[in-house]
$ cat model.cif   # mmCIF, C-alpha atoms
data_input
loop_
_atom_site.group_PDB
_atom_site.id
_atom_site.type_symbol
_atom_site.label_atom_id
_atom_site.label_comp_id
_atom_site.auth_asym_id
_atom_site.auth_seq_id
_atom_site.Cartn_x
_atom_site.Cartn_y
_atom_site.Cartn_z
ATOM 1 C CA MET A 11 26.367 4.439 -19.439
ATOM 2 C CA ALA A 12 23.106 4.970 -21.314
ATOM 3 C CA ARG A 13 20.150 6.091 -19.203
ATOM 4 C CA LYS A 14 17.555 3.398 -18.624
ATOM 5 C CA GLU A 15 14.491 3.848 -20.806
ATOM 6 C CA VAL A 16 11.110 4.269 -19.111
ATOM 7 C CA PHE A 17 7.641 3.693 -20.575
ATOM 8 C CA HIS A 18 4.856 5.518 -18.746
ATOM 9 C CA VAL A 19 1.268 4.211 -18.873
ATOM 10 C CA VAL A 20 -0.739 7.406 -18.421
ATOM 11 C CA LEU A 21 -4.238 8.803 -18.795
ATOM 12 C CA ARG A 22 -4.183 11.349 -21.612
ATOM 13 C CA ASP A 23 -7.213 13.264 -22.863
ATOM 14 C CA GLY A 24 -9.552 10.569 -21.552
ATOM 15 C CA SER A 25 -7.636 7.677 -23.180
ATOM 16 C CA TRP A 26 -4.884 5.469 -21.870
ATOM 17 C CA ALA A 27 -1.538 5.960 -23.540
ATOM 18 C CA VAL A 28 2.060 4.770 -23.427
ATOM 19 C CA ARG A 29 4.668 7.536 -23.375
ATOM 20 C CA ARG A 30 8.307 6.793 -24.095
ATOM 21 C CA GLN A 31 10.385 8.966 -21.789
ATOM 22 C CA SER A 32 13.455 9.482 -24.019
ATOM 23 C CA ASN A 33 11.724 10.944 -27.068
ATOM 24 C CA GLY A 34 8.189 11.694 -25.840
ATOM 25 C CA TYR A 35 6.534 9.384 -28.407
ATOM 26 C CA ILE A 36 2.971 8.494 -27.469
ATOM 27 C CA TRP A 37 0.789 5.526 -28.403
ATOM 28 C CA VAL A 38 -2.916 5.724 -27.529
ATOM 29 C CA PHE A 39 -5.115 2.698 -26.665
ATOM 30 C CA ASN A 40 -8.772 1.891 -26.061
ATOM 31 C CA SER A 41 -8.169 0.440 -22.601
ATOM 32 C CA LYS A 42 -5.612 0.605 -19.846
ATOM 33 C CA THR A 43 -5.058 -3.153 -20.145
ATOM 34 C CA ASP A 44 -3.990 -2.748 -23.785
ATOM 35 C CA ALA A 45 -1.716 0.144 -22.855
ATOM 36 C CA ILE A 46 -0.036 -1.906 -20.097
ATOM 37 C CA ASP A 47 0.499 -4.853 -22.469
ATOM 38 C CA ASP A 48 2.034 -2.566 -25.078
ATOM 39 C CA ALA A 49 4.323 -0.882 -22.535
ATOM 40 C CA LEU A 50 5.502 -4.256 -21.213
ATOM 41 C CA ARG A 51 6.180 -5.512 -24.759
ATOM 42 C CA ARG A 52 8.162 -2.383 -25.631
ATOM 43 C CA ALA A 53 10.094 -2.619 -22.360
ATOM 44 C CA ARG A 54 11.041 -6.253 -23.094
ATOM 45 C CA LYS A 55 12.275 -5.331 -26.594
ATOM 46 C CA THR A 56 14.381 -2.399 -25.379
ATOM 47 C CA LYS A 57 18.041 -3.091 -24.539
ATOM 48 C CA PRO A 58 18.867 -2.795 -21.701
ATOM 49 C CA ARG A 59 15.390 -3.766 -20.557
ATOM 50 C CA ALA A 60 13.292 -0.667 -19.906
ATOM 51 C CA GLU A 61 11.168 0.118 -16.869
ATOM 52 C CA VAL A 62 7.365 0.469 -16.963
ATOM 53 C CA LEU A 63 5.626 2.970 -14.692
ATOM 54 C CA ILE A 64 1.875 2.598 -14.367
ATOM 55 C CA TYR A 65 -0.119 5.643 -13.293
ATOM 56 C CA GLY A 66 -3.539 5.904 -11.698
ATOM 57 C CA THR A 67 -6.421 8.019 -12.910
ATOM 58 C CA HIS A 68 -5.428 10.737 -10.438
ATOM 59 C CA GLY A 69 -1.843 10.854 -11.736
ATOM 60 C CA GLN A 70 -0.311 8.860 -8.891
ATOM 61 C CA VAL A 71 2.387 6.300 -9.798
ATOM 62 C CA PHE A 72 1.751 2.787 -8.502
ATOM 63 C CA GLN A 73 4.969 1.658 -6.831
ATOM 64 C CA LYS A 74 6.552 -1.711 -7.520
ATOM 65 C CA PRO A 75 6.375 -3.823 -4.341
ATOM 66 C CA ILE A 76 9.652 -4.381 -2.501
ATOM 67 C CA VAL A 77 8.421 -7.658 -1.008
ATOM 68 C CA LYS A 78 8.725 -10.882 -3.000
ATOM 69 C CA SER A 79 5.446 -12.710 -3.553
ATOM 70 C CA ARG A 80 5.000 -16.396 -4.319
ATOM 71 C CA PHE A 81 2.866 -15.234 -7.292
ATOM 72 C CA SER A 82 4.552 -13.776 -10.360
ATOM 73 C CA GLU A 83 3.498 -10.366 -11.684
ATOM 74 C CA LYS A 84 2.108 -12.107 -14.749
ATOM 75 C CA ALA A 85 0.051 -14.595 -12.711
ATOM 76 C CA ILE A 86 -1.499 -11.757 -10.694
ATOM 77 C CA ARG A 87 -2.165 -9.678 -13.803
ATOM 78 C CA ASP A 88 -3.816 -12.649 -15.556
ATOM 79 C CA ALA A 89 -5.953 -13.427 -12.493
ATOM 80 C CA VAL A 90 -7.097 -9.810 -12.134
ATOM 81 C CA ARG A 91 -8.013 -9.654 -15.812
ATOM 82 C CA ALA A 92 -9.884 -12.968 -15.662
ATOM 83 C CA VAL A 93 -11.952 -11.702 -12.715
ATOM 84 C CA LYS A 94 -12.610 -8.413 -14.497
ATOM 85 C CA SER A 95 -13.797 -10.276 -17.613
ATOM 86 C CA GLN A 96 -16.102 -12.429 -15.450
ATOM 87 C CA ARG A 97 -17.523 -9.322 -13.802
ATOM 88 C CA GLU A 98 -18.130 -7.578 -17.129
ATOM 89 C CA ALA A 99 -19.702 -10.722 -18.618
ATOM 90 C CA SER A 100 -22.089 -11.014 -15.643
ATOM 91 C CA LYS A 101 -23.178 -7.382 -16.138
ATOM 92 C CA GLU A 102 -24.182 -8.000 -19.791
ATOM 93 C CA MET B 7 22.417 1.362 -2.161
ATOM 94 C CA ASN B 8 19.535 -1.131 -2.314
ATOM 95 C CA ARG B 9 16.154 -0.372 -3.879
ATOM 96 C CA SER B 10 14.334 0.092 -0.588
ATOM 97 C CA SER B 11 16.811 2.826 0.408
ATOM 98 C CA GLN B 12 16.340 4.593 -2.909
ATOM 99 C CA THR B 13 12.594 4.712 -2.300
ATOM 100 C CA PHE B 14 12.881 6.397 1.130
ATOM 101 C CA ASN B 15 10.505 9.210 0.144
ATOM 102 C CA THR B 16 7.722 6.796 -0.847
ATOM 103 C CA ASN B 17 8.141 4.171 1.899
ATOM 104 C CA VAL B 18 5.530 4.030 4.668
ATOM 105 C CA PHE B 19 6.252 1.911 7.739
ATOM 106 C CA VAL B 20 3.087 0.433 9.268
ATOM 107 C CA ASN B 21 3.281 -0.556 12.931
ATOM 108 C CA CYS B 22 -0.053 -1.985 14.012
ATOM 109 C CA PRO B 23 -1.674 -5.108 15.461
ATOM 110 C CA PHE B 24 -1.746 -8.154 13.185
ATOM 111 C CA ASP B 25 -4.560 -10.096 14.862
ATOM 112 C CA ALA B 26 -7.696 -11.261 13.032
ATOM 113 C CA GLU B 27 -9.915 -8.609 14.623
ATOM 114 C CA TYR B 28 -7.686 -5.777 13.405
ATOM 115 C CA LYS B 29 -7.036 -7.294 9.952
ATOM 116 C CA PRO B 30 -9.728 -5.306 8.039
ATOM 117 C CA ILE B 31 -8.231 -2.023 9.294
ATOM 118 C CA PHE B 32 -4.673 -3.193 8.551
ATOM 119 C CA HIS B 33 -5.685 -4.203 5.022
ATOM 120 C CA ALA B 34 -7.507 -0.877 4.535
ATOM 121 C CA ILE B 35 -4.413 1.076 5.640
ATOM 122 C CA VAL B 36 -2.197 -0.935 3.266
ATOM 123 C CA PHE B 37 -4.686 -0.434 0.424
ATOM 124 C CA THR B 38 -4.788 3.345 1.035
ATOM 125 C CA ILE B 39 -0.991 3.574 1.000
ATOM 126 C CA GLU B 40 -0.769 1.661 -2.287
ATOM 127 C CA VAL B 41 -3.614 3.634 -3.947
ATOM 128 C CA ALA B 42 -1.859 6.846 -2.979
ATOM 129 C CA GLY B 43 1.274 5.696 -4.826
ATOM 130 C CA PHE B 44 3.410 4.874 -1.778
ATOM 131 C CA GLN B 45 4.981 1.588 -0.653
ATOM 132 C CA THR B 46 3.934 -0.251 2.481
ATOM 133 C CA ARG B 47 6.685 -1.566 4.721
ATOM 134 C CA SER B 48 6.033 -3.667 7.781
ATOM 135 C CA SER B 49 7.752 -5.939 10.251
ATOM 136 C CA LEU B 50 5.797 -8.750 8.525
ATOM 137 C CA GLU B 51 8.278 -8.621 5.644
ATOM 138 C CA ALA B 52 11.136 -9.334 8.061
ATOM 139 C CA SER B 53 11.193 -13.089 7.592
ATOM 140 C CA ASN B 54 14.926 -13.643 7.193
ATOM 141 C CA ALA B 55 15.818 -15.864 10.146
ATOM 142 C CA ALA B 56 19.514 -15.048 9.749
ATOM 143 C CA THR B 57 19.079 -11.534 11.171
ATOM 144 C CA ASN B 58 17.860 -10.401 14.567
ATOM 145 C CA ARG B 59 14.178 -9.379 14.366
ATOM 146 C CA LEU B 60 14.595 -5.991 16.056
ATOM 147 C CA GLU B 61 17.583 -5.285 13.795
ATOM 148 C CA LYS B 62 15.390 -5.998 10.756
ATOM 149 C CA ILE B 63 12.623 -3.731 12.056
ATOM 150 C CA MET B 64 15.119 -0.923 12.702
ATOM 151 C CA ASN B 65 16.470 -1.349 9.149
ATOM 152 C CA ILE B 66 12.965 -1.056 7.722
ATOM 153 C CA ILE B 67 12.229 2.035 9.869
ATOM 154 C CA SER B 68 15.446 3.659 8.616
ATOM 155 C CA GLU B 69 14.284 3.127 5.015
ATOM 156 C CA CYS B 70 10.914 4.858 5.524
ATOM 157 C CA LYS B 71 10.156 8.563 5.494
ATOM 158 C CA TYR B 72 6.615 7.957 6.745
ATOM 159 C CA GLY B 73 5.497 5.949 9.771
ATOM 160 C CA ILE B 74 2.002 4.905 10.845
ATOM 161 C CA HIS B 75 1.706 3.682 14.424
ATOM 162 C CA ASP B 76 -1.548 2.293 15.755
ATOM 163 C CA LEU B 77 -1.606 1.806 19.517
ATOM 164 C CA SER B 78 -5.022 0.094 19.523
ATOM 165 C CA ARG B 79 -3.919 -3.072 21.291
ATOM 166 C CA ILE B 80 -3.126 -2.338 24.901
ATOM 167 C CA GLU B 81 -5.431 -4.954 26.350
ATOM 168 C CA VAL B 82 -3.782 -7.540 28.569
ATOM 169 C CA ASN B 83 -3.559 -11.114 27.355
ATOM 170 C CA ARG B 84 -4.596 -14.294 29.227
ATOM 171 C CA ARG B 85 -1.482 -14.013 31.363
ATOM 172 C CA GLY B 86 -2.406 -10.464 32.377
ATOM 173 C CA LEU B 87 0.348 -8.828 30.295
ATOM 174 C CA PRO B 88 -0.047 -6.184 27.547
ATOM 175 C CA ARG B 89 1.866 -6.275 24.230
ATOM 176 C CA PHE B 90 4.588 -3.627 24.119
ATOM 177 C CA ASN B 91 5.809 -4.162 20.538
ATOM 178 C CA MET B 92 3.860 -1.257 19.075
ATOM 179 C CA PRO B 93 4.914 1.397 21.626
ATOM 180 C CA LEU B 94 8.492 0.085 21.284
ATOM 181 C CA GLU B 95 8.482 0.511 17.494
ATOM 182 C CA LEU B 96 6.900 3.965 17.872
ATOM 183 C CA GLY B 97 9.738 4.857 20.240
ATOM 184 C CA ILE B 98 12.349 3.639 17.742
ATOM 185 C CA ASP B 99 10.731 5.719 14.986
ATOM 186 C CA LEU B 100 10.573 8.829 17.219
ATOM 187 C CA GLY B 101 14.221 8.271 18.149
ATOM 188 C CA ALA B 102 15.231 7.917 14.485
ATOM 189 C CA GLU B 103 13.505 11.203 13.689
ATOM 190 C CA ARG B 104 15.129 12.949 16.675
ATOM 191 C CA TYR B 105 18.671 11.547 16.623
ATOM 192 C CA GLY B 106 19.071 10.171 13.087
ATOM 193 C CA ASN B 107 20.980 11.662 10.143
ATOM 194 C CA SER B 108 19.625 14.579 8.114
ATOM 195 C CA ARG B 109 17.519 12.244 5.976
ATOM 196 C CA LEU B 110 15.906 10.554 8.978
ATOM 197 C CA GLN B 111 15.141 13.920 10.525
ATOM 198 C CA THR B 112 12.676 14.501 7.668
ATOM 199 C CA LYS B 113 10.580 11.584 8.943
ATOM 200 C CA THR B 114 6.926 12.192 9.637
ATOM 201 C CA LEU B 115 4.639 10.059 11.813
ATOM 202 C CA LEU B 116 0.936 9.370 12.187
ATOM 203 C CA VAL B 117 -0.045 7.967 15.588
ATOM 204 C CA MET B 118 -3.487 6.400 15.879
ATOM 205 C CA ASP B 119 -5.514 4.806 18.622
ATOM 206 C CA LYS B 120 -8.936 3.226 18.791
ATOM 207 C CA THR B 121 -10.515 5.893 21.000
ATOM 208 C CA PRO B 122 -9.583 9.537 21.519
ATOM 209 C CA TYR B 123 -7.388 10.501 24.513
ATOM 210 C CA ARG B 124 -7.093 6.887 25.738
ATOM 211 C CA TYR B 125 -3.341 6.965 25.028
ATOM 212 C CA GLN B 126 -2.945 9.572 27.784
ATOM 213 C CA GLN B 127 -3.570 6.787 30.296
ATOM 214 C CA PHE B 128 -0.838 4.438 29.063
ATOM 215 C CA VAL B 129 1.714 6.575 27.152
ATOM 216 C CA SER B 130 1.176 10.026 28.606
ATOM 217 C CA ASP B 131 4.626 11.124 27.377
ATOM 218 C CA ILE B 132 3.260 11.442 23.826
ATOM 219 C CA SER B 133 0.494 13.790 24.943
ATOM 220 C CA GLY B 134 2.124 16.551 22.884
ATOM 221 C CA GLN B 135 1.646 14.485 19.706
ATOM 222 C CA ASP B 136 -1.499 14.757 17.621
ATOM 223 C CA VAL B 137 -2.909 11.244 18.134
ATOM 224 C CA GLN B 138 -5.822 10.391 15.834
ATOM 225 C CA ALA B 139 -8.692 8.041 16.732
ATOM 226 C CA HIS B 140 -10.079 5.674 14.068
ATOM 227 C CA ARG B 141 -12.744 4.247 16.441
ATOM 228 C CA GLY B 142 -12.309 0.811 14.872
ATOM 229 C CA SER B 143 -13.827 2.059 11.593
ATOM 230 C CA VAL B 144 -12.276 1.025 8.273
ATOM 231 C CA LYS B 145 -13.609 4.131 6.554
ATOM 232 C CA LEU B 146 -12.258 6.495 9.199
ATOM 233 C CA ALA B 147 -8.858 4.755 9.165
ATOM 234 C CA ILE B 148 -8.700 5.172 5.364
ATOM 235 C CA THR B 149 -9.595 8.861 5.614
ATOM 236 C CA LEU B 150 -7.044 9.513 8.382
ATOM 237 C CA VAL B 151 -4.213 7.811 6.483
ATOM 238 C CA ARG B 152 -5.179 9.405 3.163
ATOM 239 C CA ASP B 153 -5.446 12.936 4.581
ATOM 240 C CA TRP B 154 -2.179 12.581 6.475
ATOM 241 C CA LEU B 155 -0.275 11.304 3.407
ATOM 242 C CA ALA B 156 -1.739 14.039 1.196
ATOM 243 C CA CYS B 157 -0.867 16.727 3.747
ATOM 244 C CA GLU B 158 2.656 15.513 4.569
ATOM 245 C CA SER B 159 3.713 14.665 1.009
ATOM 246 C CA GLY B 160 2.058 17.697 -0.592
ATOM 247 C CA ARG B 161 0.869 15.472 -3.421
ATOM 248 C CA SER B 162 -2.337 16.536 -5.144
ATOM 249 C CA SER B 163 -2.605 13.218 -7.008
ATOM 250 C CA ILE B 164 -3.993 11.244 -4.047
ATOM 251 C CA PRO B 165 -7.678 10.345 -4.479
ATOM 252 C CA GLY B 166 -10.174 11.326 -1.762
ATOM 253 C CA GLY B 167 -11.088 9.142 1.212
ATOM 254 C CA ASN B 168 -14.544 8.217 -0.131
ATOM 255 C CA HIS B 169 -13.097 7.174 -3.481
ATOM 256 C CA ILE B 170 -10.464 5.005 -1.788
ATOM 257 C CA HIS B 171 -13.083 3.450 0.506
ATOM 258 C CA ASN B 172 -15.274 2.523 -2.483
ATOM 259 C CA LYS B 173 -12.253 1.044 -4.236
ATOM 260 C CA TYR B 174 -11.350 -0.926 -1.142
ATOM 261 C CA ARG B 175 -14.879 -2.360 -0.938
ATOM 262 C CA SER B 176 -14.685 -3.366 -4.607
ATOM 263 C CA PHE B 177 -11.310 -4.973 -4.031
ATOM 264 C CA CYS B 178 -12.576 -6.883 -0.978
ATOM 265 C CA SER B 179 -15.625 -8.138 -2.853
ATOM 266 C CA GLU B 180 -13.391 -9.506 -5.631
ATOM 267 C CA LEU B 181 -10.652 -10.843 -3.374
ATOM 268 C CA PRO B 182 -12.190 -14.324 -2.799
ATOM 269 C CA VAL B 183 -12.603 -14.870 -6.576
ATOM 270 C CA LEU B 184 -9.151 -13.485 -7.227
ATOM 271 C CA CYS B 185 -7.682 -15.875 -4.673
ATOM 272 C CA GLU B 186 -9.609 -18.771 -6.153
ATOM 273 C CA THR B 187 -8.087 -17.979 -9.570
ATOM 274 C CA LEU B 188 -4.656 -18.033 -7.916
ATOM 275 C CA LYS B 189 -5.503 -21.316 -6.156
ATOM 276 C CA THR B 190 -5.415 -19.872 -2.674
ATOM 277 C CA THR B 191 -7.762 -18.259 -0.126
ATOM 278 C CA PRO B 192 -7.807 -14.761 1.421
ATOM 279 C CA LYS B 193 -6.826 -16.280 4.782
ATOM 280 C CA GLU B 194 -3.722 -17.888 3.267
ATOM 281 C CA LEU B 195 -2.423 -14.617 1.817
ATOM 282 C CA THR B 196 0.752 -13.396 3.442
ATOM 283 C CA PHE B 197 1.799 -9.735 3.587
ATOM 284 C CA SER B 198 4.181 -10.426 0.676
ATOM 285 C CA ASP B 199 1.307 -11.802 -1.411
ATOM 286 C CA PHE B 200 -1.197 -9.146 -0.439
ATOM 287 C CA ILE B 201 0.796 -6.101 -1.603
ATOM 288 C CA PRO B 202 1.457 -7.291 -5.205
ATOM 289 C CA LEU B 203 -2.186 -8.405 -5.374
ATOM 290 C CA ILE B 204 -3.398 -4.892 -4.500
ATOM 291 C CA ASN B 205 -0.980 -3.410 -7.038
ATOM 292 C CA GLY B 206 -2.048 -5.831 -9.760
ATOM 293 C CA TRP B 207 -5.706 -5.115 -9.029
ATOM 294 C CA LEU B 208 -5.198 -1.338 -9.011
ATOM 295 C CA GLU B 209 -3.297 -1.352 -12.301
ATOM 296 C CA VAL B 210 -6.389 -2.638 -14.078
ATOM 297 C CA ASN B 211 -9.259 -1.432 -11.893
ATOM 298 C CA ASP B 212 -8.504 2.145 -10.997
ATOM 299 C CA SER B 213 -10.313 3.743 -13.915
ATOM 300 C CA GLU B 214 -13.811 3.547 -12.484
ATOM 301 C CA VAL B 215 -15.567 2.693 -9.230
ATOM 302 C CA GLN B 216 -17.304 -0.642 -9.540
ATOM 303 C CA SER B 217 -20.564 -1.379 -7.810
ATOM 304 C CA VAL B 218 -20.199 -3.664 -4.845
ATOM 305 C CA PHE B 219 -22.326 -6.781 -5.210
ATOM 306 C CA LYS B 220 -21.365 -8.710 -2.159
ATOM 307 C CA LEU B 221 -19.392 -7.824 0.923
ATOM 308 C CA THR B 222 -17.933 -10.333 3.264
ATOM 309 C CA THR B 223 -18.693 -9.362 6.848
ATOM 310 C CA GLU B 224 -14.978 -9.482 7.671
ATOM 311 C CA TYR B 225 -14.344 -6.326 5.637
ATOM 312 C CA GLU B 226 -17.463 -4.353 6.448
ATOM 313 C CA SER B 227 -16.740 -1.115 8.229
#

$ encode --input "model.cif" --output "structure tokens"
Amino acid sequence: MARKEVFHVVLRDGSWAVRRQSNGYIWVFNSKTDAIDDALRRARKTKPRAEVLIYGTHGQVFQKPIVKSRFSEKAIRDAVRAVKSQREASKE
Amino acid sequence: MNRSSQTFNTNVFVNCPFDAEYKPIFHAIVFTIEVAGFQTRSSLEASNAATNRLEKIMNIISECKYGIHDLSRIEVNRRGLPRFNMPLELGIDLGAERYGNSRLQTKTLLVMDKTPYRYQQFVSDISGQDVQAHRGSVKLAITLVRDWLACESGRSSIPGGNHIHNKYRSFCSELPVLCETLKTTPKELTFSDFIPLINGWLEVNDSEVQSVFKLTTEYES
């Protein structure tokens, strides 16, 4: 059985990047949000569906929760981004 | 083997009070665990009515390498009786570490209380353990949990206590707006909602420390 592909969202030389585990290819982005979106898109396209691991600025891997929430991952991600946009808009 | 068993080395069982007064410390502990890259497990996730509650708690304990036990609540209730759930779960965890299989014998525990040496008056048998006092402070609880996880796991990737505390304050200040966007309120969030919310927030907001504009008194340390 083929090994499951993993896309890592990592901080690399001060920029956020997506690293494909199998071949080490790297794509660099302006923001972490863009890198996460790209990793999720690549994971969806990969057969069988690949896993996405998101790292913190200190190199720690954020674990996927075991508990099941009433909110989908996408709903939470969208809400967090909307609040971040509001915060950044209020700063300007 | 289910997923929670596979993640034994990153699972942290949290045994602490769940009342409103303790909630800021509980949330801070959970936040610290998630920031550090571990997974929080708690008896609050045991909602399957088909299984015996103690059985579910024992299953969760057996899936966790790390255990945090806070013995803060020993006060008697209106009927003059104390709550024994927390010392019981600590006992189960100590027993798992002592009598369990080779994997369970690698377990490591952090025992906390509100004030130093108070535990000697109600569970003197654990006097040999290094019991830490958080003094009811969110910041101190974060630092204790962070330092213990960093020491026991040997990971150098765990941010410092001050950094985590600042992050936690930022998260708390945004939580009401975040909940509003999700058409709920912070009070309505269950344990199962809270963990993915922290993870979702951290994914996007861990690159810099935001300034804290407004703090709700509930989360102030």

$ resolve_selection --input "model.cif" --expression "the PyMOL selection byres ((chain A) within 8 of (chain B))" --output "compact mmCIF listing (two decimals) with C-alpha atoms, keeping the file's coordinate frame"
# COMPACT_ATOMS: atom_id res chain seq x y z
CA LYS A 42 -5.61 0.60 -19.85
CA THR A 43 -5.06 -3.15 -20.14
CA ILE A 64 1.88 2.60 -14.37
CA TYR A 65 -0.12 5.64 -13.29
CA GLY A 66 -3.54 5.90 -11.70
CA THR A 67 -6.42 8.02 -12.91
CA HIS A 68 -5.43 10.74 -10.44
CA GLY A 69 -1.84 10.85 -11.74
CA GLN A 70 -0.31 8.86 -8.89
CA VAL A 71 2.39 6.30 -9.80
CA PHE A 72 1.75 2.79 -8.50
CA GLN A 73 4.97 1.66 -6.83
CA LYS A 74 6.55 -1.71 -7.52
CA PRO A 75 6.38 -3.82 -4.34
CA ILE A 76 9.65 -4.38 -2.50
CA VAL A 77 8.42 -7.66 -1.01
CA LYS A 78 8.72 -10.88 -3.00
CA SER A 79 5.45 -12.71 -3.55
CA ARG A 80 5.00 -16.40 -4.32
CA PHE A 81 2.87 -15.23 -7.29
CA GLU A 83 3.50 -10.37 -11.68
CA ALA A 85 0.05 -14.60 -12.71
CA ILE A 86 -1.50 -11.76 -10.69
CA ARG A 87 -2.16 -9.68 -13.80
CA ALA A 89 -5.95 -13.43 -12.49
CA VAL A 90 -7.10 -9.81 -12.13
CA ARG A 91 -8.01 -9.65 -15.81
CA VAL A 93 -11.95 -11.70 -12.72

$ residues_around --input "model.cif" --residues "segment 16-32 of chain A" --least-positions-apart "5" --cutoff "8 Å" --atoms "only C-alpha atoms" --output "PyMOL selection string"
chain A and resi 37-42+45-46+48-49+52-53+60-67+69

$ atom_distance --input "model.cif" --atom1 "atom CA of Arg152 of chain B" --atom2 "atom CA of Gly134 of chain B"
22.2 Å

$ atom_distance --input "model.cif" --atom1 "atom CA of Leu150 of chain B" --atom2 "atom CA of Arg109 of chain B"
24.8 Å

$ resolve_selection --input "model.cif" --expression "the PyMOL selection byres ((chain B and resi 65) around 12)" --output "list of chain:residue names"
B:Asn8, B:Ser10, B:Ser11, B:Phe14, B:Phe19, B:Arg47, B:Ser48, B:Ser49, B:Glu51, B:Ala52, B:Thr57, B:Asn58, B:Arg59, B:Leu60, B:Glu61, B:Lys62, B:Ile63, B:Met64, B:Ile66, B:Ile67, B:Ser68, B:Glu69, B:Cys70, B:Glu95, B:Ile98, B:Asp99, B:Ala102, B:Leu110

$ atom_distance --input "model.cif" --atom1 "atom CA of Ile31 of chain B" --atom2 "atom CA of Ala139 of chain B"
12.5 Å

$ closest_residue --input "model.cif" --among "B:Asn83, B:Ser176, B:Gln138, B:Thr191" --to "Lys94 of chain A" --atoms "only C-alpha atoms"
B:Ser176

$ resolve_selection --input "model.cif" --expression "the PyMOL selection byres ((chain B and resi 33) around 10)" --output "ChimeraX atom specification"
/B:24,28-32,34-39,144,148,174,178,197,200-201,204,225

$ axis_aligned_box --input "model.cif" --around "segment 85-102 of chain B" --padding-each-side "5 Å" --output "lines of an AutoDock Vina configuration file"
center_x = 6.4
center_y = -2.6
center_z = 23.4
size_x = 27.6
size_y = 32.8
size_z = 27.9

$ residues_around --input "model.cif" --residues "Arg59 of chain A" --least-positions-apart "4" --cutoff "8 Å" --atoms "all atoms listed in the file" --output "JSON, numbers by chain"
{"A": [14, 15, 53, 54, 55]}

$ build_atoms --input "model.cif" --residues "segment 78-91 of chain A" --atoms "N, CA and C atoms" --output "mmCIF file, in the coordinates of the input"
data_model
loop_
_atom_site.group_PDB
_atom_site.id
_atom_site.type_symbol
_atom_site.label_atom_id
_atom_site.label_comp_id
_atom_site.auth_asym_id
_atom_site.auth_seq_id
_atom_site.Cartn_x
_atom_site.Cartn_y
_atom_site.Cartn_z
ATOM 1 N N LYS A 78 8.785 -9.847 -1.962
ATOM 2 C CA LYS A 78 8.725 -10.882 -3.000
ATOM 3 C C LYS A 78 7.530 -11.792 -2.727
ATOM 4 N N SER A 79 6.638 -11.869 -3.704
ATOM 5 C CA SER A 79 5.446 -12.710 -3.553
ATOM 6 C C SER A 79 5.690 -14.085 -4.157
ATOM 7 N N ARG A 80 4.890 -15.070 -3.703
ATOM 8 C CA ARG A 80 5.000 -16.396 -4.319
ATOM 9 C C ARG A 80 4.324 -16.401 -5.692
ATOM 10 N N PHE A 81 3.510 -15.347 -5.980
ATOM 11 C CA PHE A 81 2.866 -15.234 -7.292
ATOM 12 C C PHE A 81 3.672 -14.292 -8.170
ATOM 13 N N SER A 82 3.829 -14.658 -9.444
ATOM 14 C CA SER A 82 4.552 -13.776 -10.360
ATOM 15 C C SER A 82 3.643 -12.613 -10.747
ATOM 16 N N GLU A 83 4.273 -11.535 -11.234
ATOM 17 C CA GLU A 83 3.498 -10.366 -11.684
ATOM 18 C C GLU A 83 2.507 -10.780 -12.755
ATOM 19 N N LYS A 84 2.960 -11.676 -13.644
ATOM 20 C CA LYS A 84 2.108 -12.107 -14.749
ATOM 21 C C LYS A 84 0.906 -12.902 -14.232
ATOM 22 N N ALA A 85 1.146 -13.789 -13.262
ATOM 23 C CA ALA A 85 0.051 -14.595 -12.711
ATOM 24 C C ALA A 85 -1.009 -13.701 -12.069
ATOM 25 N N ILE A 86 -0.556 -12.686 -11.341
ATOM 26 C CA ILE A 86 -1.499 -11.757 -10.694
ATOM 27 C C ILE A 86 -2.264 -10.957 -11.746
ATOM 28 N N ARG A 87 -1.524 -10.466 -12.740
ATOM 29 C CA ARG A 87 -2.165 -9.678 -13.803
ATOM 30 C C ARG A 87 -3.217 -10.515 -14.533
ATOM 31 N N ASP A 88 -2.866 -11.768 -14.855
ATOM 32 C CA ASP A 88 -3.816 -12.649 -15.556
ATOM 33 C C ASP A 88 -5.049 -12.915 -14.701
ATOM 34 N N ALA A 89 -4.828 -13.144 -13.395
ATOM 35 C CA ALA A 89 -5.953 -13.427 -12.493
ATOM 36 C C ALA A 89 -6.881 -12.222 -12.390
ATOM 37 N N VAL A 90 -6.295 -11.037 -12.250
ATOM 38 C CA VAL A 90 -7.097 -9.810 -12.134
ATOM 39 C C VAL A 90 -7.923 -9.605 -13.405
ATOM 40 N N ARG A 91 -7.297 -9.842 -14.541
ATOM 41 C CA ARG A 91 -8.013 -9.654 -15.812
ATOM 42 C C ARG A 91 -9.125 -10.682 -15.984
#
